[in-house]
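What follows is a single structure, written as structure tokens, with notes after it.
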Amino acid sequence: MVDQKDKLHAMRHSLAHIMATAITTLWPETKLGVGPVVENGFYYDIDLGDTKISEDDFKQIETEMRKIISENQPFERSELPIDEAIQWAEKAGQTYKNELLNDLKRAGTTVAKDLDKDELGTITEGDSAVESVSFYRNGSFIDLCRGPHVESTGKVGAFKLMRVAGAYWRGKETNPQMQRLYGVAFATEKELRQYLHMLEEAKKRDHRKLGAELDLFVISPLIGAGLPLFTPRGTILRDELDKFAQSFRLNRGYQKVWIPHIAKLDTYKTSGHYEKFPELLKFTSTESGDELALKPVNCPHHTQIYASKPRSYKDLPVKYLETTTVYRDERSGELGGLSRVRAITQDDSHVFCSEDQVETVFSELLEDARTLYSQLDLELSLRLSFRDESDSYLGDPAAWDRAEAVIEKLAKQFELEYEVGIGEAAIYGPKMDFMATDALGRKTQLATVQLDYAQPERFELEYTGEDGEKHRPVMVHCALLGSLERFLSIYIEHVAGKFPVWLAPEQVRLITVNQEDKTVEFAEGVAQQAKDLGLRVHIDNDNVSVGKKIRNSELMKIPYTIVIGEKEIESGQVTPRVRSDMEVLKPHDSHAIDNFLKTVSNEMKSRTTKTSL
RNA sequence: GCCGUCGUAGCUCAGUGGUAGAGCAUCGCCAUGGUAAGGCGGGGGUCUGGAGUUCAAAUCUCCACGACGGCUCCA
């Protein structure tokens, strides 16, 4: 098994070399960057000066690659002293490789992050961190490379060039931008075809496509990019999800609050956001002269509710809950569908508590997140986001250490799978992020629980302790869904638009067989019964065929469709048509109308994903 | 913001320099129906916007805007 994985890795890596070989054959002036293996394939960064590769060139490159593959050139490894390697790079005009080699010589690494830390600025003659480097040769192509590779170019499996993208040299925005050519590769043609097929399937459940088809949200270029507008159906989804996520915390004594969406700029100067985030959206009120900003976070507002009166240790923990929208000026190229937007609605909560209450508050939220996500059928894992050694964090380092220790302890206690992300912390404290895995196996951060020692300090929050002294509370930030927008982008794709009954914007559709008064009146009666049970029901009385209306209902992914005609009016029985994905025990039974509606209503209340019809 | 691709009717798309098209949707008429598309007809486009080349531009060139895929960023 491990061998297979290593072999595939070598194939992909070898393909990166073969692609570089093809490109340097076609464009001899090409300067090469790096060409590593990535998930499902490989890429190579190249710089052709003013010439740009486009996807139209792929056919030519692929043809050249196949030529190299059919020649079955052996991959030969050789070792070169570092100084000779540098000479080679200079002679070949490979400036990027030259830079890498010099870093290797100087610091023994090419990892930019490590280099930044090191203060190994000078190279003394004859002294280097690395003695020699390895090269791989196939045909006339030579590349600095650690390997390993397959034996020869003929043994690389199936591949396809996918796309070309811009990528900064060594990932730094200030560096020149190179072109990155991505390819996918698998051991066999069959696996490649399966992968490409999976991509097609993923496209079908793209939340942007489903958002339009199911009439959930729209994005108007006039209103602006990254500012989605939710239709009546989409708003039902938002509200139901939000109600569900809030219910956990309401049960634990959280109290709802409300805040305005703007604040004086001073707020964010105090909180520290102003300094750190230039994307803060500010504007000036001409009347008062006050500088105002749209809120990029909710915590400062909530701190001021806390600070509005003296607090005793007996009041703690104080728990506020609010689903509200924050505004961030994300850069234009970063926006996309609902996953990155400029108006972000968070199901946010803030707890003000003493340090010895942190653990309880935190573990309650962990518990809730676990229940919530399992009910939504999403798998969770944890990422503990801790600080790195840079100085861009607020607050006392000793407090940070305590906080990080508490978080790691809880992660272990809950026996959740976790990884530690160094440098992923928020400016004011460490975080515990919940990574949800969706139906396509992709991991996204959704829920987050964050400890904060910094903001209570900055806003000078206090409570009076048992000892009669003033103490500083600790804040715990939490969003269980994260942002409603991003959550929906994942969730819509996870369920492919087939929402469980309790979330479906329309749960029951009544289709009339004809437009006679008798039929319409009967359907209206059924609809009213359904509404009385709290169900979301629509009547389709369009003057088209029954078959067509059934199809429309199926396309809209309505859980239950029932046809109303002579038979139903006389018998008072209906034969529900159940959406194709739902587990049905006895599909074509007929049910008394009120029993049917009650069953659906119970399914809604229990938030089940199965049907008991 | 940067690199690449794309922008034709509400949607999906055809149209390579010479009179703007199809399917679906919409509207009307006929058909009054039984579990995934009934029939016929009508309306709808400054071909994203602007400038240029040309006798002639949806089509070629440049600029702007927007969308998509990446990079960078993400409180």
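Every chain in the structure tokens has a letter given in the order shown (A, B, ...), and although residue numbers restart at 1 in each chain, ligands are simply numbered from 1 in the order shown.
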Practice task
Apply DSSP to the backbone of this structure and, from stretch 433-544 of chain A, keep only the residues in helix (DSSP H, G or I); write these as a PyMOL selection string.
Solution key: chain A and resi 454-458+484-494+517-532
Sorted per-residue table, chain B near chain A, closest atoms and distance, 12 Å, only C-alpha atoms (C1' of nucleotides), as JSON lines:
{"residue": "B:G1", "atom": "C1'", "partner": "A:Arg331", "partner_atom": "CA", "distance": 6.6}
{"residue": "B:C2", "atom": "C1'", "partner": "A:Gly166", "partner_atom": "CA", "distance": 7.4}
{"residue": "B:C3", "atom": "C1'", "partner": "A:Gly166", "partner_atom": "CA", "distance": 3.6}
{"residue": "B:G4", "atom": "C1'", "partner": "A:Ala165", "partner_atom": "CA", "distance": 5.5}
{"residue": "B:U5", "atom": "C1'", "partner": "A:Glu55", "partner_atom": "CA", "distance": 8.0}
{"residue": "B:G10", "atom": "C1'", "partner": "A:Ala212", "partner_atom": "CA", "distance": 11.4}
{"residue": "B:C11", "atom": "C1'", "partner": "A:Glu213", "partner_atom": "CA", "distance": 9.2}
{"residue": "B:U12", "atom": "C1'", "partner": "A:Lys209", "partner_atom": "CA", "distance": 11.8}
{"residue": "B:A25", "atom": "C1'", "partner": "A:Glu213", "partner_atom": "CA", "distance": 12.0}
{"residue": "B:C30", "atom": "C1'", "partner": "A:Asn543", "partner_atom": "CA", "distance": 12.0}
{"residue": "B:A31", "atom": "C1'", "partner": "A:Ser545", "partner_atom": "CA", "distance": 9.9}
{"residue": "B:U32", "atom": "C1'", "partner": "A:Asn514", "partner_atom": "CA", "distance": 5.6}
{"residue": "B:G33", "atom": "C1'", "partner": "A:Ser545", "partner_atom": "CA", "distance": 5.9}
{"residue": "B:G34", "atom": "C1'", "partner": "A:Val546", "partner_atom": "CA", "distance": 7.1}
{"residue": "B:U35", "atom": "C1'", "partner": "A:Ile550", "partner_atom": "CA", "distance": 6.5}
{"residue": "B:A36", "atom": "C1'", "partner": "A:Arg551", "partner_atom": "CA", "distance": 4.2}
{"residue": "B:A37", "atom": "C1'", "partner": "A:Lys548", "partner_atom": "CA", "distance": 5.5}
{"residue": "B:G38", "atom": "C1'", "partner": "A:Ser545", "partner_atom": "CA", "distance": 6.8}
{"residue": "B:G39", "atom": "C1'", "partner": "A:Val544", "partner_atom": "CA", "distance": 11.5}
{"residue": "B:U48", "atom": "C1'", "partner": "A:Pro221", "partner_atom": "CA", "distance": 11.0}
{"residue": "B:C65", "atom": "C1'", "partner": "A:Pro221", "partner_atom": "CA", "distance": 9.7}
{"residue": "B:G66", "atom": "C1'", "partner": "A:Pro221", "partner_atom": "CA", "distance": 7.1}
{"residue": "B:A67", "atom": "C1'", "partner": "A:Gly336", "partner_atom": "CA", "distance": 9.4}
{"residue": "B:C68", "atom": "C1'", "partner": "A:Gly336", "partner_atom": "CA", "distance": 8.9}
{"residue": "B:G69", "atom": "C1'", "partner": "A:Ala165", "partner_atom": "CA", "distance": 7.4}
{"residue": "B:G70", "atom": "C1'", "partner": "A:Ala165", "partner_atom": "CA", "distance": 4.7}
{"residue": "B:C71", "atom": "C1'", "partner": "A:Ala167", "partner_atom": "CA", "distance": 4.3}
{"residue": "B:U72", "atom": "C1'", "partner": "A:Glu173", "partner_atom": "CA", "distance": 5.6}
{"residue": "B:C73", "atom": "C1'", "partner": "A:Glu334", "partner_atom": "CA", "distance": 8.2}
{"residue": "B:C74", "atom": "C1'", "partner": "A:Glu330", "partner_atom": "CA", "distance": 8.0}
{"residue": "B:A75", "atom": "C1'", "partner": "A:Val297", "partner_atom": "CA", "distance": 6.6}
Practice task
Mind listing the strand (DSSP E or B) residues of stretch 394-586 of chain A, per DSSP on the backbone, as JSON, numbers by chain?
Solution key: {"A": [418, 419, 420, 421, 422, 426, 429, 431, 432, 433, 434, 435, 436, 437, 443, 444, 445, 446, 447, 448, 449, 450, 451, 452, 463, 464, 470, 471, 474, 475, 476, 477, 478, 479, 480, 481, 482, 483, 508, 509, 510, 511, 512, 537, 538, 539, 540, 560, 561, 562, 563, 564, 573, 574, 577, 578]}
For B:G15, list every protein, DNA or RNA residue within 12 Å, evaluated using only C-alpha atoms (C1' of nucleotides), and leave out those in the same chain fewer than 5 positions away; present the list as a short mmCIF file (atom, residue, chain, number, x, y, z; two decimals) with N, CA, C and O atoms (P, O5', C5', C4', C3', O3' and C1' of nucleotides), in the first residue's frame.
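out-v9.cif was written with the following content:
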data_model
loop_
_atom_site.label_atom_id
_atom_site.label_comp_id
_atom_site.auth_asym_id
_atom_site.auth_seq_id
_atom_site.Cartn_x
_atom_site.Cartn_y
_atom_site.Cartn_z
P U B 8 -22.48 36.08 -22.66
"O5'" U B 8 -22.75 36.50 -24.16
"C5'" U B 8 -23.09 37.85 -24.47
"C4'" U B 8 -23.96 37.89 -25.69
"C3'" U B 8 -25.24 37.09 -25.60
"O3'" U B 8 -26.25 37.80 -24.92
"C1'" U B 8 -24.17 36.55 -27.62
P A B 20 -28.27 41.93 -38.72
"O5'" A B 20 -28.20 40.43 -38.18
"C5'" A B 20 -29.36 39.81 -37.77
"C4'" A B 20 -28.97 38.54 -37.09
"C3'" A B 20 -30.13 37.85 -36.41
"O3'" A B 20 -30.75 37.02 -37.38
"C1'" A B 20 -28.24 37.95 -34.96
P G B 21 -32.02 36.19 -37.07
"O5'" G B 21 -31.42 34.91 -36.38
"C5'" G B 21 -32.24 34.11 -35.58
"C4'" G B 21 -31.57 32.78 -35.41
"C3'" G B 21 -32.18 31.97 -34.27
"O3'" G B 21 -33.34 31.28 -34.72
"C1'" G B 21 -29.84 31.98 -34.05
P A B 22 -34.45 30.84 -33.70
"O5'" A B 22 -33.81 29.53 -33.04
"C5'" A B 22 -33.57 28.38 -33.85
"C4'" A B 22 -33.00 27.28 -32.98
"C3'" A B 22 -33.80 26.99 -31.72
"O3'" A B 22 -34.87 26.11 -31.99
"C1'" A B 22 -31.50 27.19 -31.18
P C B 47 -25.20 44.92 -29.76
"O5'" C B 47 -25.38 43.80 -28.63
"C5'" C B 47 -24.35 43.61 -27.67
"C4'" C B 47 -24.09 42.15 -27.49
"C3'" C B 47 -22.62 41.75 -27.51
"O3'" C B 47 -22.41 40.79 -26.50
"C1'" C B 47 -23.78 40.52 -29.12
P A B 58 -21.33 43.94 -35.13
"O5'" A B 58 -21.37 42.87 -33.96
"C5'" A B 58 -20.94 43.22 -32.65
"C4'" A B 58 -20.46 42.00 -31.91
"C3'" A B 58 -19.13 41.46 -32.40
"O3'" A B 58 -18.07 42.07 -31.73
"C1'" A B 58 -20.72 39.70 -32.25
P U B 59 -16.72 42.39 -32.49
"O5'" U B 59 -16.20 40.98 -33.03
"C5'" U B 59 -15.80 39.93 -32.15
"C4'" U B 59 -15.50 38.70 -32.98
"C3'" U B 59 -14.32 38.87 -33.93
"O3'" U B 59 -13.51 37.72 -33.92
"C1'" U B 59 -16.26 38.27 -35.15
#
Sort by chain and increasing residue number a table of all residues of stretch 283-371 of chain A within 12 Å of stretch 432-447 of chain A, each with its closest pair of atoms and their distance in Å to one decimal, counting only C-alpha atoms, and write it as JSON lines.
{"residue": "A:Ser339", "atom": "CA", "partner": "A:Thr444", "partner_atom": "CA", "distance": 10.0}
{"residue": "A:Gln346", "atom": "CA", "partner": "A:Ala447", "partner_atom": "CA", "distance": 10.0}
{"residue": "A:Asp347", "atom": "CA", "partner": "A:Ala447", "partner_atom": "CA", "distance": 9.5}
{"residue": "A:Asp348", "atom": "CA", "partner": "A:Ala447", "partner_atom": "CA", "distance": 10.1}
{"residue": "A:Ser349", "atom": "CA", "partner": "A:Ala447", "partner_atom": "CA", "distance": 11.6}
{"residue": "A:Phe362", "atom": "CA", "partner": "A:Met432", "partner_atom": "CA", "distance": 9.7}
{"residue": "A:Ser363", "atom": "CA", "partner": "A:Met432", "partner_atom": "CA", "distance": 11.3}
{"residue": "A:Leu365", "atom": "CA", "partner": "A:Ala447", "partner_atom": "CA", "distance": 10.0}
{"residue": "A:Leu366", "atom": "CA", "partner": "A:Phe434", "partner_atom": "CA", "distance": 9.3}
{"residue": "A:Glu367", "atom": "CA", "partner": "A:Phe434", "partner_atom": "CA", "distance": 12.0}
{"residue": "A:Asp368", "atom": "CA", "partner": "A:Ala447", "partner_atom": "CA", "distance": 10.6}
{"residue": "A:Ala369", "atom": "CA", "partner": "A:Ala447", "partner_atom": "CA", "distance": 7.4}
{"residue": "A:Arg370", "atom": "CA", "partner": "A:Phe434", "partner_atom": "CA", "distance": 9.4}
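For stretch 416-424 of chain A, the residues within 8 Å (counting only C-alpha atoms (C1' of nucleotides), excluding itself and residues fewer than 6 positions away along the chain) are Ser381, Leu382, Arg383, Leu384, Ser385, Phe386, Arg387, Asp388 and Glu389 of chain A.
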Selection above as a file: N, CA and C atoms, as an mmCIF file, in the first residue's frame:
data_model
loop_
_atom_site.group_PDB
_atom_site.id
_atom_site.type_symbol
_atom_site.label_atom_id
_atom_site.label_comp_id
_atom_site.auth_asym_id
_atom_site.auth_seq_id
_atom_site.Cartn_x
_atom_site.Cartn_y
_atom_site.Cartn_z
ATOM 1 N N SER A 381 -13.019 17.567 12.296
ATOM 2 C CA SER A 381 -11.728 17.363 12.959
ATOM 3 C C SER A 381 -11.289 18.738 13.468
ATOM 4 N N LEU A 382 -10.249 18.752 14.290
ATOM 5 C CA LEU A 382 -9.861 20.011 14.921
ATOM 6 C C LEU A 382 -8.548 20.540 14.395
ATOM 7 N N ARG A 383 -8.453 21.846 14.351
ATOM 8 C CA ARG A 383 -7.148 22.435 14.142
ATOM 9 C C ARG A 383 -6.916 23.442 15.262
ATOM 10 N N LEU A 384 -5.880 23.227 16.016
ATOM 11 C CA LEU A 384 -5.543 24.168 17.075
ATOM 12 C C LEU A 384 -4.636 25.224 16.461
ATOM 13 N N SER A 385 -5.097 26.460 16.454
ATOM 14 C CA SER A 385 -4.326 27.522 15.811
ATOM 15 C C SER A 385 -3.572 28.306 16.872
ATOM 16 N N PHE A 386 -2.277 28.090 16.899
ATOM 17 C CA PHE A 386 -1.424 28.746 17.883
ATOM 18 C C PHE A 386 -0.560 29.803 17.221
ATOM 19 N N ARG A 387 0.066 30.630 18.038
ATOM 20 C CA ARG A 387 0.871 31.707 17.471
ATOM 21 C C ARG A 387 2.240 31.180 17.020
ATOM 22 N N ASP A 388 2.898 31.948 16.147
ATOM 23 C CA ASP A 388 4.277 31.635 15.819
ATOM 24 C C ASP A 388 5.156 32.669 16.515
ATOM 25 N N GLU A 389 6.376 32.808 16.043
ATOM 26 C CA GLU A 389 7.300 33.631 16.817
ATOM 27 C C GLU A 389 7.303 35.096 16.398
#
Problem - Nearest to A:Phe186, chosen from A:Glu76, A:Glu39, A:Glu460, A:Asp143, with only C-alpha atoms counted in the distances - result: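 Distance minimum relative to A:Phe186 lands on A:Glu39.
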Fill in the blank from the handout: The distance between atom CA of A:Ile344 and atom CA of A:Asp329 is 10.7 Å
Exercise for the section: Considering only C-alpha atoms (C1' of nucleotides), return as JSON, numbers by chain whatever protein or nucleic-acid residues lie within 12 Å of A:Gln4, sequence-local ones (same chain, fewer than 6 positions apart) excluded. Expected result: {"A": [10, 11, 186, 187]}
Handout entry: Option closest in space to B:G43, from B:A14, B:C24, B:A9, B:A56 [counting only C-alpha atoms (C1' of nucleotides)]
Key = B:A9
Problem - B:U61 surroundings by only C-alpha atoms (C1' of nucleotides), 12 Å radius, close-in-sequence under 2 positions cut, as a PyMOL selection string - result: chain B and resi 51-54+57+63
Would you output that residue set with N, CA and C atoms (P, O5', C5', C4', C3', O3' and C1' of nucleotides), as a short mmCIF file (atom, residue, chain, number, x, y, z; two decimals), in the first residue's frame?
data_model
loop_
_atom_site.label_atom_id
_atom_site.label_comp_id
_atom_site.auth_asym_id
_atom_site.auth_seq_id
_atom_site.Cartn_x
_atom_site.Cartn_y
_atom_site.Cartn_z
P A B 51 -17.41 55.07 -28.32
"O5'" A B 51 -15.85 54.89 -28.59
"C5'" A B 51 -14.96 55.98 -28.32
"C4'" A B 51 -13.54 55.52 -28.47
"C3'" A B 51 -13.11 55.14 -29.89
"O3'" A B 51 -12.82 56.25 -30.71
"C1'" A B 51 -12.37 53.49 -28.38
P G B 52 -13.10 56.11 -32.31
"O5'" G B 52 -11.99 55.05 -32.77
"C5'" G B 52 -10.64 55.44 -32.84
"C4'" G B 52 -9.75 54.25 -33.09
"C3'" G B 52 -9.81 53.65 -34.49
"O3'" G B 52 -9.06 54.40 -35.43
"C1'" G B 52 -9.81 51.93 -32.87
P U B 53 -9.51 54.39 -36.98
"O5'" U B 53 -9.13 52.92 -37.46
"C5'" U B 53 -7.76 52.52 -37.57
"C4'" U B 53 -7.68 51.11 -38.11
"C3'" U B 53 -8.48 50.86 -39.39
"O3'" U B 53 -7.78 51.28 -40.55
"C1'" U B 53 -8.90 49.13 -37.83
P U B 54 -8.58 52.11 -41.69
"O5'" U B 54 -9.62 51.07 -42.26
"C5'" U B 54 -9.17 49.91 -42.96
"C4'" U B 54 -10.35 49.01 -43.25
"C3'" U B 54 -11.53 49.70 -43.94
"O3'" U B 54 -11.32 49.81 -45.34
"C1'" U B 54 -12.32 48.36 -42.15
P A B 57 -18.79 48.07 -38.94
"O5'" A B 57 -18.44 46.53 -38.81
"C5'" A B 57 -19.46 45.53 -38.85
"C4'" A B 57 -19.25 44.53 -37.72
"C3'" A B 57 -19.32 45.14 -36.32
"O3'" A B 57 -19.76 44.14 -35.42
"C1'" A B 57 -17.17 44.30 -36.67
P C B 63 -4.67 46.67 -23.32
"O5'" C B 63 -5.73 47.72 -22.73
"C5'" C B 63 -5.33 49.05 -22.40
"C4'" C B 63 -6.54 49.87 -22.02
"C3'" C B 63 -7.41 49.31 -20.90
"O3'" C B 63 -6.88 49.58 -19.62
"C1'" C B 63 -8.80 50.00 -22.66
#
Practice task
Using only C-alpha atoms, pick whichever of A:Leu378, A:Val341, A:Leu597, A:Ala307 has the shortest atom-to-atom distance to A:Pro228.
Solution key: A:Val341
Practice task
One decimal, Å: what's the distance from atom C1' of B:G41 over to atom CA of A:Asp540, could you say?
Solution key: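 Separation of atom C1' of B:G41 and atom CA of A:Asp540: 24.4 Å.
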Handout entry: Pick from A:Leu481, A:Pro317, A:Ser354, A:Glu469, whichever lies nearest to A:Phe248 using only C-alpha atoms
Key = A:Leu481
